[in-house]
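Trainee: My structure is below; once you've seen it, I'll send some questions.
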Amino acid sequence: MSYTKPMILAQSTVQMAQCRPNSMPSGRPCNPPAPGGR
Amino acid sequence: MFFKLKSNILFRNFESFGYITDKRNFGYKQTNNNNNHVGDKILSESGAVFMSILGREPQTLDELTKEISTQFTDIDVRTIKDDATEFYCLLERDGFIVSGKTFQECNEKDTKFSYNLLEPETTRKDSFENITSPEKSTLDFLDEFFEGKPQLTNLHIEITSLCNERCLHCYIPHDYKISYMESDLFYDILRQCKDMRLIHLTISGGEPMLHKNFVDFLRKCNEYNLSVNVLSNLTLLNDEIIKEMKANPLLDVQVSLYSMDSNIHDEITQMKGSLKKTKNAILKLIENDIPLQISCPIMKQNKNCYEDVINWAKKHKIHASDDYGIIARYNHTTQNLSCRLSINEIKEIIDDKVVNDSKYIEQVEAEAEKKRNMTLTDSICSVCQSSICIADNGNVYPCAGWQDYIVGNAKVTSINDIWDNSIKVQYLRNLQKKDFPKCIQCPDKEFCTMCMVRNANENPQGDPLVVNEFFCDITRLNKKISLEWKEKHIGS
């Protein structure tokens, strides 16, 4: 691999998904967000 | 100088780029870390190399430089060392790695979760201001890279359907709580997860601690560096399990606690002595600094005392989440809904919340505000977009509680194949908000979280597109209460 200076290409702050483990406690674990908070 | 990856950070190497994320993006809410998430980043190809050699143990800059230089023959060591310093310090500033002048200092700066230390972290903002932050979002990058093809990041595994409790509201029919996942199947699934660069795994049941290999399953998850949530009633917690849970800084626990009155909690679980066991186990986890969240479904039995659970949790610095939205069983029998609150009872609960929790309306409004930007082509939720579930018998299904919508079987087909090619996965994945015309036209839509499981389970034919009117009533109620509150407090 040829060298290039390491970089950050993209970043996100957290956006809580509509449906998270902590938002649906009725005994039903809901889905955590995907990368980027989707 | 020593550097190490912070214990709450996950890294995945995609070769042509790297992905780093904060475990807390996937774990449960803690009592005071809402502003504490560091988010996620995409690293360049060489950045992924620089990150891949960092471990949980501190290493000196010289050691790291030497290792990086074995992978790049076209550059001098001095440049690698300078770039490594700059890159690692940038990532330290943003909360992903830690440094120290000594091995010990580096380790000490990696503040691990502790109930005694629930204070917001600070990250340095004073260095490398000249490095421009990328404007592109992680999501945009991944969408472009994978050409819009959804990636599986979260898997929910039900390692046994057996349970030692018989909770009245449970979405799994009690007659179906009969079997364990074969251990080899679990290990095979984990290997596939590793290959697919999965990030988060939820281990559930039934009661997962009833599985004879539960501890070893946890060990393997730690080995594979997976973020793990364990859903358990904790009545079978023992020292061996605690030790293994403690060994994984990427592990969270979710436990249901219904009341602080044993008569009521035990009436709901239908297991005498269950409150005492669960409560003691929660205290044990706190003692061992294992992060957990309490879930407190509100039903007829505990509607007058659920707040005791919330207050007890608060006293112990645990986040507790309550909810009155009980869903029907996945075989479409609805006897479990006899414990569900009526709409009038839910109104009383919400009215109480508005009075007792100054932030309740603010949160409802904030959620509504986010949904105002919804478009017709938005997907419904993360189902088959980033997450999927596997039952103890290998059946793959879209979402927890929706076990009868089988999209494949992990014993006969690879997860990757099911994810990419299952007709049912593709059908669910392609559903958009506009496929729910009634919802799109609904004047209350900003106050509703559309959910296919609650539709499907309560519909005799299991149709996820048939809107569950009970939740429409709750939505209307929330909107009405919110508007009334605003008129009274802002209008006056």
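To be explicit about the labels: the chains of the structure tokens are called A, B, and onward in the order shown, and within each one the residues are counted from 1, while ligands get numbers from 1 in the order they are shown.
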Just need the residues of chain B within 6 Å of chain A, counting only C-alpha atoms, so spit them out as a PyMOL selection string.
Mentor: chain B and resi 26+28+39-44+46-47+72+134+136-139+295+297+323+326+386
Trainee: Using only C-alpha atoms, which residues sit within 8 Å of Phe436 in chain B once same-chain residues fewer than 4 positions away are excluded, as a list of chain:residue names?
Mentor: B:Gln432, B:Ile440, B:Leu465
Trainee: Give me, as JSON, numbers by chain, all polymer residues having an atom no more than 10 Å from range 180-195 of chain B, counting only C-alpha atoms and skipping those fewer than 3 positions away in the same chain.
Mentor: {"B": [12, 152, 153, 154, 155, 157, 158, 159, 160, 161, 162, 177, 198, 199, 200, 201, 205, 206, 208, 210, 211, 212, 213, 214, 216, 217, 220, 221, 224, 225, 226, 390, 391, 392, 393, 394, 410, 411, 414, 415, 416]}
Trainee: Selection from above, C-alpha atoms, as a compact mmCIF listing (two decimals), in the first residue's frame, can you write it?
Mentor:
```
# COMPACT_ATOMS: atom_id res chain seq x y z
CA ARG B 12 -13.83 -1.90 12.27
CA LEU B 152 -25.99 -5.18 8.88
CA THR B 153 -24.57 -3.63 12.04
CA ASN B 154 -26.90 -4.88 14.78
CA LEU B 155 -27.93 -8.46 15.45
CA ILE B 157 -29.93 -13.30 19.13
CA GLU B 158 -32.41 -15.20 21.24
CA ILE B 159 -30.13 -17.91 22.65
CA THR B 160 -33.01 -19.69 24.33
CA SER B 161 -36.75 -19.29 24.33
CA LEU B 162 -36.89 -20.86 27.81
CA LYS B 177 -40.64 -21.21 25.58
CA LEU B 198 -20.96 -6.37 12.78
CA ILE B 199 -20.79 -3.85 15.61
CA HIS B 200 -23.52 -4.64 18.05
CA LEU B 201 -25.06 -7.83 19.38
CA GLY B 205 -34.15 -14.96 25.41
CA GLY B 206 -36.27 -16.22 27.07
CA PRO B 208 -30.35 -16.05 28.36
CA LEU B 210 -30.55 -20.43 31.36
CA HIS B 211 -28.25 -21.39 28.49
CA LYS B 212 -25.49 -23.65 29.79
CA ASN B 213 -22.89 -21.90 27.65
CA PHE B 214 -23.97 -18.34 28.41
CA ASP B 216 -18.66 -18.78 27.18
CA PHE B 217 -20.89 -16.90 24.73
CA LYS B 220 -16.47 -15.08 22.70
CA CYS B 221 -18.29 -11.76 22.18
CA TYR B 224 -14.60 -10.59 18.85
CA ASN B 225 -14.72 -7.05 20.25
CA LEU B 226 -18.48 -6.79 19.89
CA ILE B 390 -32.13 -14.80 15.06
CA ALA B 391 -34.22 -17.16 17.19
CA ASP B 392 -32.89 -20.15 19.13
CA ASN B 393 -33.92 -22.51 16.28
CA GLY B 394 -31.98 -20.49 13.72
CA ALA B 410 -29.25 -19.41 9.82
CA LYS B 411 -28.80 -23.20 9.97
CA SER B 414 -25.60 -17.70 5.70
CA ILE B 415 -26.68 -14.48 7.40
CA ASN B 416 -25.05 -12.52 4.62
```
Trainee: Measuring between only C-alpha atoms, which one of B:Ser382, B:Asn409, B:Ser422, B:Thr60 shows the shortest distance to Thr85 in chain B?
Mentor: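 Looking at the shortest contact to Thr85 in chain B, the residue is B:Thr60.
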Trainee: Please, what distance in Å, to one decimal, runs between CA of Glu57 in chain B and CA of Leu292 in chain B?
Mentor: 25.2 Å
Trainee: Take CA of Tyr306 in chain B and CA of Cys451 in chain B and report the distance between them in Å, one decimal.
Mentor: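 Value for the CA of Tyr306 in chain B-CA of Cys451 in chain B distance: 24.6 Å.
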